[in-house]
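Engineer: Structure: model.csv, CSV, C-alpha atoms.
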```csv
chain,number,residue,atom,x,y,z
P,1,THR,CA,81.4,99.2,94.3
P,2,ASP,CA,83.8,96.6,92.8
P,3,ARG,CA,85.5,95.1,95.9
P,4,GLY,CA,87.7,92.8,93.9
P,5,PHE,CA,86.5,89.8,95.9
P,6,GLU,CA,83.1,88.2,96.8
P,7,PRO,CA,82.3,88.4,100.5
P,8,GLY,CA,78.8,86.9,100.1
P,9,GLY,CA,78.5,83.3,101.2
P,10,VAL,CA,81.6,83.4,103.4
P,11,MET,CA,81.7,82.9,107.1
P,12,ALA,CA,84.9,83.8,109.1
P,13,ALA,CA,85.8,82.2,112.4
P,14,SER,CA,88.4,83.8,114.7
P,15,LEU,CA,90.8,81.3,116.2
P,16,ASP,CA,93.6,81.9,118.7
P,17,LEU,CA,95.8,78.8,118.7
P,18,ASN,CA,97.7,80.1,121.8
P,19,ILE,CA,94.6,79.1,123.8
P,20,ALA,CA,95.2,75.4,123.0
P,21,GLY,CA,98.9,75.6,123.5
P,22,TYR,CA,100.1,75.5,119.9
P,23,THR,CA,103.5,76.8,118.8
P,24,GLU,CA,104.5,77.9,115.3
P,25,GLU,CA,105.9,74.3,114.8
P,26,THR,CA,102.8,72.4,116.0
P,27,ALA,CA,100.4,74.8,114.2
P,28,GLN,CA,101.5,73.5,110.8
P,29,PRO,CA,99.7,70.1,111.0
P,30,PHE,CA,96.7,71.8,112.7
P,31,TYR,CA,96.2,74.1,109.7
P,32,ARG,CA,96.0,71.1,107.3
P,33,GLU,CA,93.7,69.0,109.5
P,34,MET,CA,91.4,72.0,110.2
P,35,LEU,CA,91.1,72.9,106.5
P,36,ASP,CA,90.3,69.3,105.6
P,37,ALA,CA,87.6,69.3,108.3
P,38,ALA,CA,86.1,72.6,107.2
P,39,ARG,CA,86.0,71.6,103.6
P,40,ALA,CA,84.1,68.4,104.6
P,41,ILE,CA,81.3,70.4,106.1
P,42,PRO,CA,78.1,69.7,104.1
P,43,GLY,CA,77.5,72.7,101.8
P,44,ALA,CA,81.1,74.0,102.2
P,45,ALA,CA,82.6,75.2,98.9
P,46,GLY,CA,86.0,76.1,100.1
P,47,ALA,CA,88.0,77.0,103.2
P,48,ALA,CA,91.2,78.9,103.9
P,49,PHE,CA,93.1,80.7,106.7
P,50,ALA,CA,94.2,84.3,106.7
P,51,VAL,CA,95.6,86.5,109.5
P,52,GLN,CA,94.0,89.7,108.2
P,53,THR,CA,90.2,89.9,107.7
P,54,PRO,CA,89.1,92.0,104.6
P,55,LEU,CA,87.3,95.2,105.3
P,56,GLU,CA,88.1,95.4,109.0
P,57,GLY,CA,89.5,98.8,108.4
P,58,SER,CA,92.9,97.9,109.8
P,59,SER,CA,96.2,96.9,108.3
P,60,PHE,CA,98.7,94.2,109.1
P,61,GLY,CA,102.4,94.8,108.8
P,62,MET,CA,105.5,92.6,109.0
P,63,GLY,CA,108.1,95.2,108.4
P,64,PRO,CA,109.4,97.1,105.3
P,65,VAL,CA,109.6,95.6,101.9
P,66,ARG,CA,112.3,96.8,99.5
P,67,VAL,CA,112.2,96.3,95.8
P,68,PRO,CA,115.8,96.0,94.5
P,69,GLU,CA,115.0,97.5,91.1
P,70,LEU,CA,113.8,100.8,92.7
P,71,ALA,CA,115.9,103.6,94.1
P,72,GLU,CA,115.5,104.4,97.8
P,73,GLU,CA,113.2,107.4,97.2
P,74,GLU,CA,111.0,105.2,95.0
P,75,GLN,CA,110.3,102.5,97.7
P,76,PHE,CA,106.7,102.4,99.0
P,77,GLU,CA,104.8,101.0,101.9
P,78,THR,CA,102.7,97.8,101.5
P,79,ASP,CA,100.1,95.9,103.5
P,80,TRP,CA,100.6,92.3,104.4
P,81,ASN,CA,98.6,89.2,104.8
P,82,ILE,CA,99.5,85.6,105.8
P,83,VAL,CA,97.2,83.1,104.0
P,84,SER,CA,96.8,79.4,103.3
P,85,PRO,CA,96.4,77.6,100.0
P,86,GLU,CA,93.0,78.3,98.4
P,87,PHE,CA,92.6,81.7,100.1
P,88,PHE,CA,92.2,83.5,96.8
P,89,ARG,CA,89.8,80.9,95.5
P,90,THR,CA,87.7,80.9,98.7
P,91,LEU,CA,87.4,84.7,98.7
P,92,ARG,CA,87.1,84.7,94.8
P,93,MET,CA,90.1,87.0,94.3
P,94,PRO,CA,91.3,86.3,90.8
P,95,ILE,CA,94.9,85.3,90.3
P,96,VAL,CA,96.1,87.1,87.1
P,97,ARG,CA,99.6,85.6,86.9
P,98,GLY,CA,101.1,82.4,88.4
P,99,PRO,CA,99.6,79.8,90.7
P,100,GLU,CA,98.0,80.0,94.1
P,101,PHE,CA,100.1,78.9,97.1
P,102,ASN,CA,100.1,75.2,97.7
P,103,ASP,CA,101.1,72.8,100.5
P,104,ALA,CA,104.6,72.6,99.0
P,105,ALA,CA,105.2,76.1,100.2
P,106,ALA,CA,106.9,74.9,103.4
P,107,GLY,CA,110.0,73.3,104.7
P,108,GLY,CA,113.0,73.9,102.5
P,109,ALA,CA,111.0,75.6,99.7
P,110,ALA,CA,112.1,79.1,98.7
P,111,ARG,CA,110.2,81.8,100.6
P,112,ALA,CA,107.3,82.8,98.3
P,113,ALA,CA,105.0,85.8,97.9
P,114,ILE,CA,102.1,86.8,95.8
P,115,VAL,CA,101.6,90.6,95.3
P,116,ASN,CA,98.6,92.5,93.9
P,117,GLU,CA,98.6,94.6,90.7
P,118,ARG,CA,98.9,97.8,92.7
P,119,PHE,CA,102.2,96.5,94.1
P,120,ALA,CA,103.5,95.1,90.9
P,121,ALA,CA,102.9,98.2,88.7
P,122,PRO,CA,105.3,100.7,90.4
P,123,ALA,CA,107.7,97.9,91.5
P,124,TRP,CA,108.5,96.5,88.0
P,125,ARG,CA,106.8,99.0,85.6
P,126,GLY,CA,105.5,96.5,83.1
P,127,ALA,CA,108.3,93.9,83.4
P,128,ASP,CA,107.3,90.4,84.3
P,129,PRO,CA,107.4,90.1,88.2
P,130,ILE,CA,107.4,86.3,88.3
P,131,GLY,CA,110.6,85.0,89.7
P,132,ARG,CA,111.8,88.4,90.9
P,133,HIS,CA,112.6,89.1,94.6
P,134,VAL,CA,111.8,91.6,97.2
P,135,VAL,CA,113.8,92.1,100.4
P,136,THR,CA,112.4,92.0,103.9
P,137,ASP,CA,113.9,92.0,107.4
P,138,GLU,CA,113.8,88.2,107.4
P,139,GLY,CA,115.3,87.7,104.0
P,140,ASN,CA,114.3,87.6,100.3
P,141,LEU,CA,110.8,86.6,99.1
P,142,GLN,CA,110.4,85.3,95.5
P,143,ILE,CA,107.4,86.5,93.6
P,144,VAL,CA,105.3,83.5,92.4
P,145,GLY,CA,102.1,85.2,91.4
P,146,ILE,CA,100.0,88.3,90.9
P,147,VAL,CA,96.5,88.7,92.3
P,148,ARG,CA,93.9,91.2,91.1
P,149,ASP,CA,93.5,94.4,93.1
P,150,ALA,CA,90.9,94.4,95.8
P,151,ARG,CA,89.5,96.8,98.4
P,152,LEU,CA,90.7,95.0,101.4
P,153,ARG,CA,91.1,97.7,104.1
P,154,ILE,CA,88.2,100.1,103.7
P,155,ILE,CA,85.6,99.6,101.0
P,156,GLY,CA,85.5,103.2,100.0
P,157,ASP,CA,89.3,103.5,99.6
P,158,PRO,CA,91.3,102.5,96.5
P,159,PRO,CA,93.2,99.3,96.7
P,160,GLU,CA,96.6,99.5,98.5
P,161,PRO,CA,99.8,97.7,97.5
P,162,TYR,CA,99.5,94.2,99.1
P,163,ILE,CA,101.9,91.3,99.6
P,164,PHE,CA,100.7,87.8,100.6
P,165,VAL,CA,102.9,85.1,102.1
P,166,PRO,CA,102.0,81.5,102.8
P,167,ILE,CA,101.0,80.5,106.3
P,168,TYR,CA,103.0,77.3,106.0
P,169,GLN,CA,106.2,79.4,105.7
P,170,GLN,CA,105.1,82.1,108.2
P,171,PRO,CA,103.0,80.5,110.9
P,172,PHE,CA,100.8,82.8,112.9
P,173,LEU,CA,98.7,81.7,115.9
P,174,ARG,CA,95.9,84.3,115.8
P,175,THR,CA,94.1,83.7,112.5
P,176,GLN,CA,90.8,83.6,110.7
P,177,LEU,CA,89.3,80.5,109.2
P,178,PHE,CA,87.1,81.4,106.1
P,179,VAL,CA,84.5,79.0,104.9
P,180,ARG,CA,82.6,79.6,101.7
P,181,HIS,CA,79.2,77.9,101.8
P,182,ASP,CA,76.5,77.1,99.3
P,183,PRO,CA,74.1,80.0,98.6
P,184,SER,CA,71.2,77.8,99.7
P,185,ILE,CA,72.6,77.7,103.2
P,186,SER,CA,72.2,80.7,105.4
P,187,ALA,CA,75.2,82.2,107.3
P,188,ALA,CA,73.6,81.3,110.6
P,189,ALA,CA,73.1,77.7,109.5
P,190,ILE,CA,76.8,77.1,108.7
P,191,ILE,CA,78.0,78.1,112.2
P,192,PRO,CA,77.0,75.0,114.2
P,193,PRO,CA,78.7,72.5,111.8
P,194,LEU,CA,81.7,74.9,111.7
P,195,ARG,CA,82.0,74.8,115.5
P,196,GLU,CA,81.7,71.1,115.4
P,197,ALA,CA,84.5,70.8,112.8
P,198,VAL,CA,86.8,72.9,115.1
P,199,ARG,CA,85.8,70.8,118.1
P,200,ARG,CA,86.6,67.5,116.4
P,201,THR,CA,89.9,68.9,115.3
P,202,ASN,CA,90.8,70.1,118.8
P,203,PRO,CA,88.2,70.1,121.6
P,204,TYR,CA,90.3,72.6,123.6
P,205,LEU,CA,90.3,75.3,120.9
P,206,PRO,CA,87.2,77.6,121.0
P,207,ILE,CA,86.0,79.8,118.2
P,208,VAL,CA,86.6,83.3,119.6
P,209,ALA,CA,84.1,85.0,117.2
P,210,THR,CA,82.3,84.5,113.9
P,211,MET,CA,81.7,87.1,111.2
P,212,ASP,CA,79.4,86.9,108.2
P,213,MET,CA,81.6,88.5,105.5
P,214,ALA,CA,78.5,89.8,103.7
P,215,GLU,CA,77.5,91.7,106.8
P,216,VAL,CA,81.1,93.0,107.2
P,217,ALA,CA,81.0,94.3,103.6
P,218,ALA,CA,77.5,95.8,104.0
P,219,PHE,CA,78.6,97.6,107.1
P,220,GLY,CA,81.6,99.0,105.3
P,221,LEU,CA,79.2,100.6,102.7
P,222,ILE,CA,77.2,102.6,105.4
P,223,PRO,CA,79.4,105.7,105.2
P,224,GLN,CA,79.0,105.8,101.4
P,225,ARG,CA,75.3,105.3,101.6
P,226,LEU,CA,74.9,108.1,104.2
P,227,ALA,CA,77.0,110.4,102.0
P,228,ALA,CA,74.8,109.6,99.0
P,229,THR,CA,71.6,110.2,100.9
P,230,LEU,CA,72.9,113.5,102.3
P,231,ALA,CA,74.0,114.6,98.9
P,232,GLY,CA,70.5,113.8,97.5
P,233,THR,CA,68.8,115.6,100.3
P,234,LEU,CA,70.9,118.7,99.7
P,235,GLY,CA,70.5,118.5,96.0
P,236,LEU,CA,74.2,118.1,95.3
```
Show me, as structure tokens, the structure contained in the file I just sent.
Structural biologist:
Amino acid sequence: TDRGFEPGGVMAASLDLNIAGYTEETAQPFYREMLDAARAIPGAAGAAFAVQTPLEGSSFGMGPVRVPELAEEEQFETDWNIVSPEFFRTLRMPIVRGPEFNDAAAGGAARAAIVNERFAAPAWRGADPIGRHVVTDEGNLQIVGIVRDARLRIIGDPPEPYIFVPIYQQPFLRTQLFVRHDPSISAAAIIPPLREAVRRTNPYLPIVATMDMAEVAAFGLIPQRLAATLAGTLGL
């Protein structure tokens, strides 16, 4: 199955910044410091934050999104994620148009969004989406990039329309830290230095849980494998 991203070699650590007393304002410098510490782990090949973990089977919503170019009956639902710079690079989700988010996506910068191909196709029907706007409950978002479709909710389902916004513009205190590590390093071996990196950044912030994304992806394939085995047994 083509997932649209590469879960192998990625460890996810769940963090709840509420535990350490962070607010949306004080979380901003933490994000940067934590990412620097994670990227400095020996064998680390990238690090990024995201609120929604791929293949967990759930969706994350931040309210309706309206495409001004579409009539009311043509509007559609979309999944959301809040991500840091280098999220797409760390998960190896190819950007097909425009740049990734960067640290400049904060402060007085225009509120930005990256959408996937499944969102862009019905929204703009072949027209260039870059620079266009979508409307949310909190105001307009400017489309700055297009990412390749990926199976992010359930591995057996087709990709859903997706919109990604930068964590520096939309801070969120319950988040996942993703670290891509060298293939020569096992998933278990990356956990101790990852815990130490979090401890050095803030000794009062525990890692709530860790997940090997390769195992998450493999678990998501179990229903398909069972169905294939049953079909073979029945001669279907």
Engineer: What separation in Å, quoted to one decimal, exists between atom CA of P:Thr53 and atom CA of P:Leu152?
Structural biologist: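 Between atom CA of P:Thr53 and atom CA of P:Leu152 the gap is 8.1 Å.
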Engineer: What residues have an atom no more than 12 Å from (86.8, 91.2, 97.0) in the file's own frame, counting only C-alpha atoms, and can you write them as a count of residues only?
Structural biologist: 34
Engineer: With distances taken over only C-alpha atoms, which residue among P:Val65, P:Val144, P:Leu177, P:Ala38 lies nearest P:Leu17?
Structural biologist: P:Leu177
Engineer: Can you tell me which residues surround P:Pro29 at a distance of at most 12 Å, considering only C-alpha atoms, apart from same-chain residues fewer than 2 positions away, and format the answer as a list of chain:residue names?
Structural biologist: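 After dropping sequence-adjacent residues, the list is P:Tyr22, P:Thr23, P:Glu24, P:Glu25, P:Thr26, P:Ala27, P:Tyr31, P:Arg32, P:Glu33, P:Met34, P:Leu35, P:Asp36, P:Asp103, P:Ala106, P:Ile167, P:Tyr168, P:Pro171, P:Thr201, P:Asn202.
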Engineer: So that I can see what lies close to P:Met11, please list as a list in words the residues with an atom at most 9 Å from it, counting only C-alpha atoms and leaving out residues fewer than 4 positions away in the same chain.
Structural biologist: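 With the cut-off at 9 Å, the set is Pro7, Leu177, Phe178, Val179, Arg180, His181, Ala187, Ala188, Ile190, Ile191, Thr210, Met211, Asp212, Met213 and Ala214 of chain P.
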Engineer: Between P:Pro42, P:Gly9, P:Pro183, P:Pro161, which one has atoms that come closest to P:Ala120, using all atoms listed in the file?
Structural biologist: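 That would be P:Pro161, the residue with the smallest distance to P:Ala120.
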Engineer: Counting only C-alpha atoms, which residues come within 9 Å of (101.6, 96.2, 93.2), with the point read in the file's coordinates, and could you list them as a tab-separated table (two decimals) with C-alpha atoms, in the coordinates of the input?
Structural biologist:
```tsv
chain	number	residue	atom	x	y	z
P	78	THR	CA	102.70	97.80	101.50
P	115	VAL	CA	101.60	90.60	95.30
P	116	ASN	CA	98.60	92.50	93.90
P	117	GLU	CA	98.60	94.60	90.70
P	118	ARG	CA	98.90	97.80	92.70
P	119	PHE	CA	102.20	96.50	94.10
P	120	ALA	CA	103.50	95.10	90.90
P	121	ALA	CA	102.90	98.20	88.70
P	122	PRO	CA	105.30	100.70	90.40
P	123	ALA	CA	107.70	97.90	91.50
P	124	TRP	CA	108.50	96.50	88.00
P	146	ILE	CA	100.00	88.30	90.90
P	149	ASP	CA	93.50	94.40	93.10
P	160	GLU	CA	96.60	99.50	98.50
P	161	PRO	CA	99.80	97.70	97.50
P	162	TYR	CA	99.50	94.20	99.10
P	163	ILE	CA	101.90	91.30	99.60
```
Engineer: Report, in Å with one decimal, the straight-line distance from atom CA of P:Leu173 to atom CA of P:Glu100.
Structural biologist: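 One can read the atom CA of P:Leu173 to atom CA of P:Glu100 distance as 21.9 Å.
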Engineer: Have a look at P:Gly139, P:Gly131, P:Gly43, P:Pro166 and name the one nearest to P:Gly98; count only C-alpha atoms.
Structural biologist: P:Gly131
Engineer: So, counting all atoms listed in the file, which residue among P:Asn102, P:Arg199, P:Asp137, P:Ala218 is closest to P:Ala20?
Structural biologist: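 Closest to P:Ala20 of all the choices is P:Arg199.
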Engineer: Quick one, how far is atom CA of P:Asp182 from atom CA of P:Ala12?
Structural biologist: 14.5 Å
Engineer: Taking all atoms listed in the file into account, which of P:Gly126, P:Gly46, P:Gly156, P:Pro64 comes nearest P:Ser84?
Structural biologist: P:Gly46
Engineer: Smallest atom-to-atom distance to P:Pro193: which of P:Arg111, P:Ile41, P:Phe30, P:Asp16, using only C-alpha atoms?
Structural biologist: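 Closest to P:Pro193 of all the choices is P:Ile41.
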Engineer: Excluding P:Phe164 and residues on its chain fewer than 6 positions from it, collect all residues at most 8 Å away from it, counting all atoms listed in the file, and give them as number ranges by chain.
Structural biologist: P: 80-83, 113-115
Engineer: Save the residues we just selected, C-alpha atoms, as a CSV table (one decimal), in the coordinates of the input?
Structural biologist:
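After the write, out-v3.csv holds the following:
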```csv
chain,number,residue,atom,x,y,z
P,80,TRP,CA,100.6,92.3,104.4
P,81,ASN,CA,98.6,89.2,104.8
P,82,ILE,CA,99.5,85.6,105.8
P,83,VAL,CA,97.2,83.1,104.0
P,113,ALA,CA,105.0,85.8,97.9
P,114,ILE,CA,102.1,86.8,95.8
P,115,VAL,CA,101.6,90.6,95.3
```
